[in-house]
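Trainee: Quick one, final_33.cif (mmCIF, C-alpha atoms):
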data_entry
#
loop_
_atom_site.label_atom_id
_atom_site.label_comp_id
_atom_site.auth_asym_id
_atom_site.auth_seq_id
_atom_site.Cartn_x
_atom_site.Cartn_y
_atom_site.Cartn_z
CA MET A 1 6.49 37.57 114.96
CA LYS A 2 9.75 36.61 113.27
CA LYS A 3 11.97 39.53 112.26
CA ASP A 4 11.85 38.80 108.54
CA VAL A 5 8.03 38.50 108.60
CA LEU A 6 7.78 41.76 110.56
CA ASP A 7 10.15 43.49 108.11
CA GLU A 8 7.95 42.40 105.20
CA LYS A 9 4.84 43.74 106.97
CA VAL A 10 6.54 47.07 107.70
CA ILE A 11 7.61 47.42 104.05
CA GLY A 12 4.02 46.74 102.97
CA ILE A 13 2.51 49.12 105.53
CA GLU A 14 4.86 51.95 104.54
CA GLU A 15 4.21 51.48 100.83
CA ASN A 16 0.43 51.13 101.10
CA PHE A 17 0.24 54.03 103.54
CA ARG A 18 2.27 56.25 101.20
CA ASN A 19 0.17 55.34 98.16
CA ALA A 20 -3.18 55.72 99.95
CA SER A 21 -2.07 59.02 101.43
CA TRP A 22 -1.07 60.26 97.97
CA ARG A 23 -4.45 59.26 96.49
CA ILE A 24 -6.41 60.94 99.30
CA LYS A 25 -4.31 64.08 98.85
CA LEU A 26 -4.90 64.20 95.08
CA LYS A 27 -8.65 63.54 95.48
CA GLY A 28 -8.98 66.20 98.17
CA ARG A 29 -7.27 68.73 95.93
CA GLU A 30 -9.20 67.88 92.78
CA ILE A 31 -11.51 70.81 93.49
CA LEU A 32 -8.65 73.32 93.63
CA GLY A 33 -8.68 73.81 89.86
CA ASP A 34 -12.22 75.20 90.11
CA PHE A 35 -10.97 77.87 92.51
CA ASP A 36 -7.96 79.04 90.52
CA ILE A 37 -5.47 78.06 93.23
CA THR A 38 -2.27 76.06 92.70
CA PRO A 39 -0.92 73.36 95.05
CA PRO A 40 1.91 75.58 96.41
CA GLN A 41 -0.70 78.27 97.16
CA PHE A 42 -2.84 75.66 98.89
CA ASN A 43 0.18 74.46 100.91
CA ALA A 44 0.78 78.02 102.02
CA LEU A 45 -2.89 78.45 102.91
CA TYR A 46 -2.88 75.22 104.94
CA MET A 47 0.25 76.24 106.86
CA LEU A 48 -1.19 79.68 107.52
CA THR A 49 -4.46 78.17 108.81
CA CYS A 50 -2.60 75.84 111.19
CA ASP A 51 -0.73 78.82 112.57
CA ASP A 52 -3.94 80.81 113.02
CA GLY A 53 -2.91 83.85 111.04
CA ASN A 54 0.16 85.02 112.88
CA MET A 55 2.87 84.27 110.38
CA THR A 56 5.07 86.80 108.64
CA ILE A 57 6.24 86.31 105.04
CA GLY A 58 9.71 85.46 106.34
CA GLU A 59 8.33 82.78 108.66
CA LEU A 60 6.16 81.28 105.92
CA SER A 61 9.12 81.29 103.49
CA SER A 62 11.30 79.37 105.89
CA LYS A 63 8.48 76.90 106.65
CA MET A 64 8.02 76.31 102.91
CA TYR A 65 11.78 76.37 102.24
CA LEU A 66 11.17 78.75 99.35
CA ALA A 67 12.72 82.14 98.62
CA CYS A 68 10.88 85.16 100.05
CA SER A 69 10.39 86.46 96.50
CA THR A 70 8.64 83.21 95.46
CA VAL A 71 6.39 83.31 98.53
CA THR A 72 5.66 87.03 98.03
CA ASP A 73 4.52 86.19 94.52
CA LEU A 74 2.27 83.34 95.81
CA LEU A 75 0.75 85.66 98.42
CA ASP A 76 0.13 88.46 95.90
CA ARG A 77 -2.01 86.10 93.84
CA MET A 78 -3.73 84.73 96.95
CA GLU A 79 -4.49 88.24 98.16
CA ARG A 80 -6.00 89.16 94.77
CA ASN A 81 -8.07 85.94 95.07
CA GLN A 82 -9.26 87.16 98.52
CA LEU A 83 -7.93 84.07 100.30
CA VAL A 84 -5.55 85.98 102.58
CA ALA A 85 -4.82 89.55 103.62
CA ARG A 86 -1.64 91.27 104.78
CA VAL A 87 -2.32 92.87 108.15
CA LYS A 88 -0.06 95.17 110.17
CA ASP A 89 0.90 93.78 113.57
CA GLU A 90 -0.95 95.72 116.30
CA LYS A 91 2.04 95.88 118.61
CA ASP A 92 4.66 96.65 115.98
CA ARG A 93 3.26 98.39 112.88
CA ARG A 94 6.43 97.66 110.90
CA VAL A 95 5.66 93.92 111.01
CA VAL A 96 3.21 92.51 108.45
CA ARG A 97 1.32 89.32 109.28
CA ILE A 98 -0.73 87.15 106.95
CA LYS A 99 -4.32 86.53 107.91
CA VAL A 100 -6.47 83.83 106.30
CA LEU A 101 -9.81 85.26 105.13
CA GLU A 102 -13.18 83.49 105.25
CA LYS A 103 -12.86 82.31 101.64
CA GLY A 104 -9.51 80.73 102.54
CA HIS A 105 -10.91 78.92 105.57
CA ASN A 106 -13.85 77.67 103.48
CA MET A 107 -11.47 76.35 100.86
CA ILE A 108 -9.51 74.32 103.43
CA GLU A 109 -12.81 72.94 104.76
CA ASP A 110 -13.95 72.05 101.21
CA VAL A 111 -10.72 70.12 100.58
CA LEU A 112 -11.08 68.26 103.89
CA GLU A 113 -14.71 67.48 103.00
CA ASN A 114 -13.58 66.11 99.62
CA ARG A 115 -11.03 63.89 101.38
CA ARG A 116 -13.78 62.57 103.68
CA LYS A 117 -16.08 61.92 100.73
CA TYR A 118 -13.37 59.88 99.03
CA ILE A 119 -12.69 57.88 102.20
CA ALA A 120 -16.44 57.23 102.60
CA GLU A 121 -16.59 55.98 99.00
CA THR A 122 -13.61 53.73 99.67
CA LEU A 123 -15.29 52.26 102.75
CA ASP A 124 -18.60 51.76 100.92
CA GLY A 125 -19.61 48.10 100.82
CA LEU A 126 -17.34 47.06 103.70
CA SER A 127 -18.76 45.35 106.77
CA ASP A 128 -19.27 47.39 109.96
CA ASP A 129 -16.49 45.34 111.58
CA MET A 130 -14.05 46.23 108.81
CA ILE A 131 -14.95 49.94 109.04
CA ASP A 132 -14.41 49.75 112.81
CA SER A 133 -11.07 48.10 112.14
CA VAL A 134 -9.96 50.92 109.84
CA PHE A 135 -11.05 53.47 112.44
CA GLU A 136 -9.26 51.70 115.30
CA VAL A 137 -6.06 51.15 113.36
CA MET A 138 -5.81 54.79 112.27
CA LYS A 139 -6.64 56.03 115.78
CA MET A 140 -4.08 53.74 117.36
CA LEU A 141 -1.33 54.69 114.88
CA ASN A 142 -1.93 58.39 115.36
CA GLU A 143 -2.03 58.04 119.16
CA LYS A 144 1.19 56.04 119.25
CA MET A 145 2.85 58.58 116.95
CA SER A 146 1.75 61.52 119.12
CA ILE A 147 3.62 60.30 122.21
CA MET B 1 -24.03 51.23 110.49
CA LYS B 2 -26.16 54.34 111.03
CA LYS B 3 -25.24 57.32 108.85
CA ASP B 4 -24.29 59.60 111.74
CA VAL B 5 -22.05 56.91 113.28
CA LEU B 6 -20.43 56.29 109.89
CA ASP B 7 -19.91 60.03 109.38
CA GLU B 8 -18.14 60.26 112.74
CA LYS B 9 -15.89 57.31 111.84
CA VAL B 10 -15.03 58.87 108.49
CA ILE B 11 -14.15 62.19 110.14
CA GLY B 12 -11.90 60.33 112.59
CA ILE B 13 -10.27 58.21 109.90
CA GLU B 14 -9.52 61.25 107.73
CA GLU B 15 -8.04 63.24 110.62
CA ASN B 16 -5.95 60.41 112.05
CA PHE B 17 -4.79 59.40 108.59
CA ARG B 18 -3.74 62.99 107.81
CA ASN B 19 -1.87 63.41 111.11
CA ALA B 20 -0.13 60.02 110.94
CA SER B 21 0.83 60.67 107.34
CA TRP B 22 2.29 64.05 108.32
CA ARG B 23 4.33 62.51 111.15
CA ILE B 24 5.70 59.73 108.95
CA LYS B 25 6.62 62.31 106.31
CA LEU B 26 8.45 64.53 108.81
CA LYS B 27 10.27 61.57 110.37
CA GLY B 28 11.30 60.23 106.98
CA ARG B 29 12.73 63.60 106.03
CA GLU B 30 14.55 64.24 109.30
CA ILE B 31 17.74 63.01 107.68
CA LEU B 32 17.54 65.53 104.83
CA GLY B 33 19.24 68.25 106.90
CA ASP B 34 22.39 66.08 107.06
CA PHE B 35 22.50 66.01 103.27
CA ASP B 36 22.08 69.72 102.63
CA ILE B 37 18.82 69.28 100.68
CA THR B 38 15.59 71.24 101.23
CA PRO B 39 12.04 69.79 101.09
CA PRO B 40 11.23 71.37 97.69
CA GLN B 41 14.45 69.85 96.31
CA PHE B 42 13.45 66.50 97.80
CA ASN B 43 9.97 66.80 96.25
CA ALA B 44 11.58 67.43 92.89
CA LEU B 45 13.91 64.46 93.39
CA TYR B 46 10.99 62.19 94.32
CA MET B 47 8.97 63.25 91.27
CA LEU B 48 11.98 62.78 89.00
CA THR B 49 12.61 59.28 90.41
CA CYS B 50 8.98 58.25 89.84
CA ASP B 51 9.29 59.38 86.24
CA ASP B 52 12.53 57.48 85.76
CA GLY B 53 14.63 60.36 84.53
CA ASN B 54 12.75 61.47 81.47
CA MET B 55 11.40 64.82 82.58
CA THR B 56 12.32 68.18 81.13
CA ILE B 57 12.54 71.30 83.32
CA GLY B 58 9.24 72.51 81.83
CA GLU B 59 7.49 69.25 82.71
CA LEU B 60 8.88 69.27 86.25
CA SER B 61 7.85 72.91 86.71
CA SER B 62 4.28 72.20 85.72
CA LYS B 63 4.17 69.11 87.97
CA MET B 64 5.43 71.22 90.88
CA TYR B 65 3.28 74.22 89.91
CA LEU B 66 6.33 76.44 90.31
CA ALA B 67 7.87 78.92 87.87
CA CYS B 68 10.57 77.54 85.56
CA SER B 69 13.04 80.00 87.09
CA THR B 70 12.36 78.65 90.61
CA VAL B 71 12.78 75.05 89.42
CA THR B 72 15.93 75.92 87.45
CA ASP B 73 17.37 77.35 90.65
CA LEU B 74 16.44 74.16 92.60
CA LEU B 75 18.03 71.99 89.92
CA ASP B 76 21.23 74.08 89.80
CA ARG B 77 21.77 73.42 93.50
CA MET B 78 20.83 69.73 93.11
CA GLU B 79 23.24 69.36 90.21
CA ARG B 80 26.07 70.92 92.26
CA ASN B 81 25.15 68.45 95.03
CA GLN B 82 25.47 65.60 92.46
CA LEU B 83 21.89 64.42 92.98
CA VAL B 84 20.81 64.99 89.37
CA ALA B 85 22.36 65.73 86.00
CA ARG B 86 21.07 67.55 82.94
CA VAL B 87 21.35 65.20 79.96
CA LYS B 88 20.71 65.96 76.29
CA ASP B 89 17.93 63.87 74.76
CA GLU B 90 19.44 61.27 72.40
CA LYS B 91 16.79 61.72 69.74
CA ASP B 92 16.56 65.51 69.91
CA ARG B 93 19.76 67.17 71.16
CA ARG B 94 17.94 70.46 71.75
CA VAL B 95 15.87 68.87 74.54
CA VAL B 96 17.43 68.62 78.00
CA ARG B 97 16.18 65.91 80.36
CA ILE B 98 16.91 65.54 84.07
CA LYS B 99 18.46 62.30 85.19
CA VAL B 100 18.61 61.23 88.84
CA LEU B 101 22.16 60.18 89.81
CA GLU B 102 23.11 57.34 92.16
CA LYS B 103 23.40 59.72 95.14
CA GLY B 104 19.83 60.91 94.44
CA HIS B 105 18.43 57.39 94.28
CA ASN B 106 20.27 56.49 97.50
CA MET B 107 18.77 59.54 99.21
CA ILE B 108 15.21 58.52 98.28
CA GLU B 109 15.94 55.00 99.58
CA ASP B 110 17.36 56.43 102.84
CA VAL B 111 14.20 58.49 103.40
CA LEU B 112 11.97 55.45 102.72
CA GLU B 113 14.13 53.42 105.13
CA ASN B 114 13.70 56.12 107.78
CA ARG B 115 9.91 56.02 107.28
CA ARG B 116 9.95 52.22 107.72
CA LYS B 117 12.09 52.52 110.86
CA TYR B 118 9.58 54.95 112.35
CA ILE B 119 6.64 52.68 111.49
CA ALA B 120 8.47 49.70 113.04
CA GLU B 121 9.05 51.74 116.23
CA THR B 122 5.35 52.67 116.27
CA LEU B 123 4.33 49.00 115.97
CA ASP B 124 6.80 47.91 118.64
CA GLY B 125 5.03 46.29 121.60
CA LEU B 126 1.83 45.56 119.66
CA SER B 127 0.48 42.00 119.43
CA ASP B 128 1.03 40.04 116.21
CA ASP B 129 -2.73 40.23 115.58
CA MET B 130 -2.71 44.01 115.83
CA ILE B 131 0.28 44.29 113.47
CA ASP B 132 -1.56 42.01 111.02
CA SER B 133 -4.60 44.25 111.36
CA VAL B 134 -2.57 47.37 110.47
CA PHE B 135 -1.09 45.54 107.48
CA GLU B 136 -4.47 44.26 106.25
CA VAL B 137 -6.21 47.63 106.69
CA MET B 138 -3.53 49.53 104.79
CA LYS B 139 -3.42 46.91 102.03
CA MET B 140 -7.21 46.92 101.67
CA LEU B 141 -7.42 50.73 101.58
CA ASN B 142 -4.73 51.01 98.96
CA GLU B 143 -6.26 48.25 96.85
CA LYS B 144 -9.72 49.81 96.99
CA MET B 145 -8.24 53.19 96.10
CA SER B 146 -6.31 51.77 93.13
CA ILE B 147 -9.46 50.57 91.32
#
For the structure just supplied, provide its representation as structure tokens.

Mentor:
Amino acid sequence: MKKDVLDEKVIGIEENFRNASWRIKLKGREILGDFDITPPQFNALYMLTCDDGNMTIGELSSKMYLACSTVTDLLDRMERNQLVARVKDEKDRRVVRIKVLEKGHNMIEDVLENRRKYIAETLDGLSDDMIDSVFEVMKMLNEKMSI
Amino acid sequence: MKKDVLDEKVIGIEENFRNASWRIKLKGREILGDFDITPPQFNALYMLTCDDGNMTIGELSSKMYLACSTVTDLLDRMERNQLVARVKDEKDRRVVRIKVLEKGHNMIEDVLENRRKYIAETLDGLSDDMIDSVFEVMKMLNEKMSI
């Protein structure tokens, strides 16, 4: 492929990827309003889930690049909403870790399910070959990016 | 395609899409450290660019779901870094709008360029047909999602 043709393709891939990713994200989060949780709270919840409940407020603040006071405020509301709990570290009782509660895990799963539903709707009406193509392309990209 | 096979494909597409999107995002933003700008500041900058410099602090705060005081603090640092400027509205001098400066626009373009570079590296070594496939899949998804 000629360099200028490849450059055009890359520009198109980046732009379409960014837009599609944005739409999936918005669709997935459409349900958050029903649960009285804001996007920054959801971001915090998602980061905490990935880390499996071992983060301190300081660690979460630096991951979110927000002031500790802002994150403390987010967590206060999330704790009142029973999404997370502050738990004392078993080895060092002075350290407080944030644990994601069942309601929090369910919320993450609901958002993922909403993303899947939207993708399924998008694929609706496509041929089996085209659906396979989407699957293979996404798998290949992710595998090549994981190296 | 049988429903259970389709469901499996959708789960795979969602997961691979989410992971690839995350990697592209991180790669694109790798350069931000060199510019002394944090991810929340970059998010603000990106939102302001999309809106073409007409947002007030209140509007930006509600778009970011952060307190006005947090956003004011972000903007103070961004203004000192000459990424944005507070400008009085021409029609109503009491209203202050946030304008993205040349350095801010250049930064967004640099991040997009870094994302493209990463995608080009990921596609390196693939056949022309496979690159076309990636392009067509991403274009189709974005088009179907834009309806």

Trainee: Near chain B, meaning an atom within 8 Å, which residues of chain A appear when counting all atoms listed in the file? Write them as a ChimeraX atom specification.

Mentor: /A:1,9-14,16-21,23,38-40,64-66,70,115-116,119-120,122,128,131-135,137-139,141-142,144-145

Trainee: Output the coordinates of chain B after least-squares fitting to chain A on all in-order C-alpha pairs, as a short mmCIF file (atom, residue, chain, number, x, y, z; two decimals) with C-alpha atoms, in the frame of the given file.

Mentor:
data_model
loop_
_atom_site.label_atom_id
_atom_site.label_comp_id
_atom_site.auth_asym_id
_atom_site.auth_seq_id
_atom_site.Cartn_x
_atom_site.Cartn_y
_atom_site.Cartn_z
CA MET B 1 6.49 37.53 114.94
CA LYS B 2 9.76 36.58 113.24
CA LYS B 3 11.96 39.52 112.23
CA ASP B 4 11.83 38.80 108.50
CA VAL B 5 8.02 38.51 108.57
CA LEU B 6 7.79 41.76 110.54
CA ASP B 7 10.15 43.49 108.11
CA GLU B 8 7.94 42.43 105.19
CA LYS B 9 4.84 43.75 106.97
CA VAL B 10 6.54 47.06 107.70
CA ILE B 11 7.61 47.43 104.06
CA GLY B 12 4.02 46.75 102.98
CA ILE B 13 2.52 49.11 105.54
CA GLU B 14 4.87 51.94 104.55
CA GLU B 15 4.20 51.50 100.82
CA ASN B 16 0.43 51.15 101.11
CA PHE B 17 0.26 54.03 103.56
CA ARG B 18 2.28 56.26 101.21
CA ASN B 19 0.16 55.36 98.16
CA ALA B 20 -3.19 55.72 99.97
CA SER B 21 -2.06 59.02 101.44
CA TRP B 22 -1.09 60.26 97.98
CA ARG B 23 -4.46 59.26 96.51
CA ILE B 24 -6.42 60.93 99.31
CA LYS B 25 -4.32 64.07 98.87
CA LEU B 26 -4.92 64.19 95.11
CA LYS B 27 -8.65 63.53 95.50
CA GLY B 28 -8.98 66.19 98.18
CA ARG B 29 -7.30 68.73 95.95
CA GLU B 30 -9.23 67.88 92.79
CA ILE B 31 -11.52 70.80 93.50
CA LEU B 32 -8.67 73.32 93.64
CA GLY B 33 -8.69 73.79 89.85
CA ASP B 34 -12.24 75.20 90.10
CA PHE B 35 -10.98 77.86 92.50
CA ASP B 36 -7.98 79.04 90.50
CA ILE B 37 -5.47 78.06 93.21
CA THR B 38 -2.26 76.05 92.69
CA PRO B 39 -0.90 73.36 95.06
CA PRO B 40 1.92 75.58 96.41
CA GLN B 41 -0.68 78.28 97.16
CA PHE B 42 -2.83 75.66 98.88
CA ASN B 43 0.18 74.47 100.91
CA ALA B 44 0.79 78.03 102.01
CA LEU B 45 -2.90 78.44 102.89
CA TYR B 46 -2.87 75.21 104.92
CA MET B 47 0.25 76.24 106.85
CA LEU B 48 -1.19 79.69 107.51
CA THR B 49 -4.46 78.18 108.80
CA CYS B 50 -2.60 75.85 111.18
CA ASP B 51 -0.74 78.84 112.56
CA ASP B 52 -3.93 80.83 113.00
CA GLY B 53 -2.90 83.88 111.03
CA ASN B 54 0.17 85.02 112.88
CA MET B 55 2.89 84.27 110.36
CA THR B 56 5.08 86.81 108.64
CA ILE B 57 6.24 86.32 105.03
CA GLY B 58 9.72 85.45 106.34
CA GLU B 59 8.34 82.77 108.65
CA LEU B 60 6.17 81.28 105.91
CA SER B 61 9.12 81.28 103.49
CA SER B 62 11.30 79.36 105.89
CA LYS B 63 8.48 76.89 106.64
CA MET B 64 8.03 76.32 102.90
CA TYR B 65 11.79 76.36 102.23
CA LEU B 66 11.17 78.75 99.35
CA ALA B 67 12.73 82.15 98.62
CA CYS B 68 10.89 85.17 100.05
CA SER B 69 10.40 86.46 96.50
CA THR B 70 8.65 83.21 95.46
CA VAL B 71 6.39 83.32 98.53
CA THR B 72 5.66 87.03 98.03
CA ASP B 73 4.53 86.20 94.51
CA LEU B 74 2.28 83.35 95.81
CA LEU B 75 0.77 85.67 98.41
CA ASP B 76 0.15 88.48 95.90
CA ARG B 77 -1.98 86.12 93.82
CA MET B 78 -3.72 84.74 96.94
CA GLU B 79 -4.47 88.25 98.15
CA ARG B 80 -5.99 89.17 94.77
CA ASN B 81 -8.06 85.97 95.05
CA GLN B 82 -9.25 87.17 98.51
CA LEU B 83 -7.92 84.08 100.29
CA VAL B 84 -5.53 85.99 102.56
CA ALA B 85 -4.81 89.55 103.62
CA ARG B 86 -1.65 91.28 104.76
CA VAL B 87 -2.33 92.87 108.15
CA LYS B 88 -0.07 95.17 110.17
CA ASP B 89 0.87 93.78 113.58
CA GLU B 90 -1.00 95.70 116.31
CA LYS B 91 1.98 95.86 118.63
CA ASP B 92 4.62 96.64 116.00
CA ARG B 93 3.21 98.39 112.92
CA ARG B 94 6.39 97.66 110.95
CA VAL B 95 5.64 93.92 111.03
CA VAL B 96 3.21 92.52 108.46
CA ARG B 97 1.34 89.31 109.28
CA ILE B 98 -0.73 87.15 106.94
CA LYS B 99 -4.31 86.54 107.90
CA VAL B 100 -6.45 83.84 106.28
CA LEU B 101 -9.80 85.27 105.10
CA GLU B 102 -13.17 83.51 105.23
CA LYS B 103 -12.84 82.32 101.61
CA GLY B 104 -9.48 80.72 102.53
CA HIS B 105 -10.89 78.92 105.55
CA ASN B 106 -13.85 77.70 103.48
CA MET B 107 -11.45 76.36 100.85
CA ILE B 108 -9.50 74.32 103.42
CA GLU B 109 -12.81 72.95 104.76
CA ASP B 110 -13.95 72.06 101.21
CA VAL B 111 -10.73 70.12 100.58
CA LEU B 112 -11.09 68.25 103.91
CA GLU B 113 -14.72 67.49 103.00
CA ASN B 114 -13.59 66.12 99.64
CA ARG B 115 -11.03 63.89 101.39
CA ARG B 116 -13.77 62.56 103.71
CA LYS B 117 -16.08 61.93 100.75
CA TYR B 118 -13.37 59.89 99.05
CA ILE B 119 -12.69 57.88 102.22
CA ALA B 120 -16.44 57.22 102.63
CA GLU B 121 -16.59 55.98 99.00
CA THR B 122 -13.60 53.72 99.68
CA LEU B 123 -15.30 52.23 102.76
CA ASP B 124 -18.59 51.76 100.93
CA GLY B 125 -19.61 48.09 100.82
CA LEU B 126 -17.33 47.07 103.70
CA SER B 127 -18.77 45.34 106.78
CA ASP B 128 -19.28 47.38 109.96
CA ASP B 129 -16.50 45.34 111.59
CA MET B 130 -14.06 46.22 108.82
CA ILE B 131 -14.94 49.93 109.04
CA ASP B 132 -14.40 49.74 112.81
CA SER B 133 -11.06 48.08 112.16
CA VAL B 134 -9.95 50.92 109.84
CA PHE B 135 -11.05 53.46 112.45
CA GLU B 136 -9.28 51.68 115.32
CA VAL B 137 -6.05 51.14 113.36
CA MET B 138 -5.81 54.77 112.28
CA LYS B 139 -6.65 56.02 115.78
CA MET B 140 -4.06 53.72 117.37
CA LEU B 141 -1.33 54.69 114.89
CA ASN B 142 -1.93 58.37 115.37
CA GLU B 143 -2.03 58.03 119.15
CA LYS B 144 1.20 56.04 119.25
CA MET B 145 2.84 58.57 116.95
CA SER B 146 1.71 61.52 119.10
CA ILE B 147 3.60 60.31 122.20
#

Trainee: Would you mind reading off the distance between CA of Asp73 in chain A and CA of Phe35 in chain A, one decimal, in Å?

Mentor: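 Atom-to-atom, CA of Asp73 in chain A and CA of Phe35 in chain A are spaced 17.7 Å apart.
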
Trainee: Can you tell me how far CA of Ile98 in chain A sits from CA of Ala85 in chain A, in Å to one decimal?

Mentor: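 Separation of CA of Ile98 in chain A and CA of Ala85 in chain A: 5.8 Å.
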
Trainee: One decimal, in Å: what's the spacing between CA of Thr72 in chain B and CA of Glu59 in chain B?

Mentor: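 Computed distance, CA of Thr72 in chain B to CA of Glu59 in chain B, equals 11.8 Å.
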
Trainee: For Leu48 in chain A, which of A:Gly33, A:Gly104, A:Gly125, A:Gly28 is the closest residue, counting all atoms listed in the file?

Mentor: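 Smallest separation from Leu48 in chain A among the options: A:Gly104.
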
Trainee: Take the PyMOL selection byres ((chain B and resi 49) around 12), apply it to the structure above, and return the hits as number ranges by chain.

Mentor: B: 42-48, 50-55, 60, 83-84, 98-109

Trainee: Might you spell out which residues the PyMOL selection byres ((chain B and resi 89) around 12) would select in the displayed file, as a list of chain:residue names?

Mentor: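 Selected by the PyMOL selection byres ((chain B and resi 89) around 12) in this file: B:Gly53, B:Asn54, B:Met55, B:Thr56, B:Arg86, B:Val87, B:Lys88, B:Glu90, B:Lys91, B:Asp92, B:Arg93, B:Arg94, B:Val95, B:Val96, B:Arg97, B:Ile98, B:Lys99.
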
Trainee: Please define a box with edges along x, y and z of the file around all atoms of range 92-100 of chain B given in the file, extend it by 4 Å on each side, and return its centre and edge lengths in Å to one decimal, as JSON.

Mentor:
{"center_x": 17.8, "center_y": 65.8, "center_z": 79.4, "size_x": 11.9, "size_y": 17.2, "size_z": 26.9}

Trainee: Could you tell me which of B:Leu75, B:Asp110, B:Arg80, B:Leu126 comes closest to Arg29 in chain B if we count all atoms listed in the file?

Mentor: B:Asp110

Trainee: Emit range 73-88 of chain B of the structure in the block as a file comprising C-alpha atoms, as a short mmCIF file (atom, residue, chain, number, x, y, z; two decimals), in the first residue's frame.

Mentor:
data_model
loop_
_atom_site.label_atom_id
_atom_site.label_comp_id
_atom_site.auth_asym_id
_atom_site.auth_seq_id
_atom_site.Cartn_x
_atom_site.Cartn_y
_atom_site.Cartn_z
CA ASP B 73 -8.92 25.36 39.61
CA LEU B 74 -8.25 23.29 36.44
CA LEU B 75 -8.80 26.34 34.26
CA ASP B 76 -6.54 28.56 36.39
CA ARG B 77 -3.66 26.17 35.79
CA MET B 78 -4.53 25.83 32.09
CA GLU B 79 -4.66 29.61 31.72
CA ARG B 80 -1.22 29.96 33.35
CA ASN B 81 -0.01 27.28 30.91
CA GLN B 82 -1.42 29.41 28.02
CA LEU B 83 -3.72 26.64 26.79
CA VAL B 84 -6.94 28.62 27.30
CA ALA B 85 -8.04 32.16 28.02
CA ARG B 86 -11.08 33.59 29.77
CA VAL B 87 -12.80 35.99 27.39
CA LYS B 88 -15.74 38.31 28.09
#
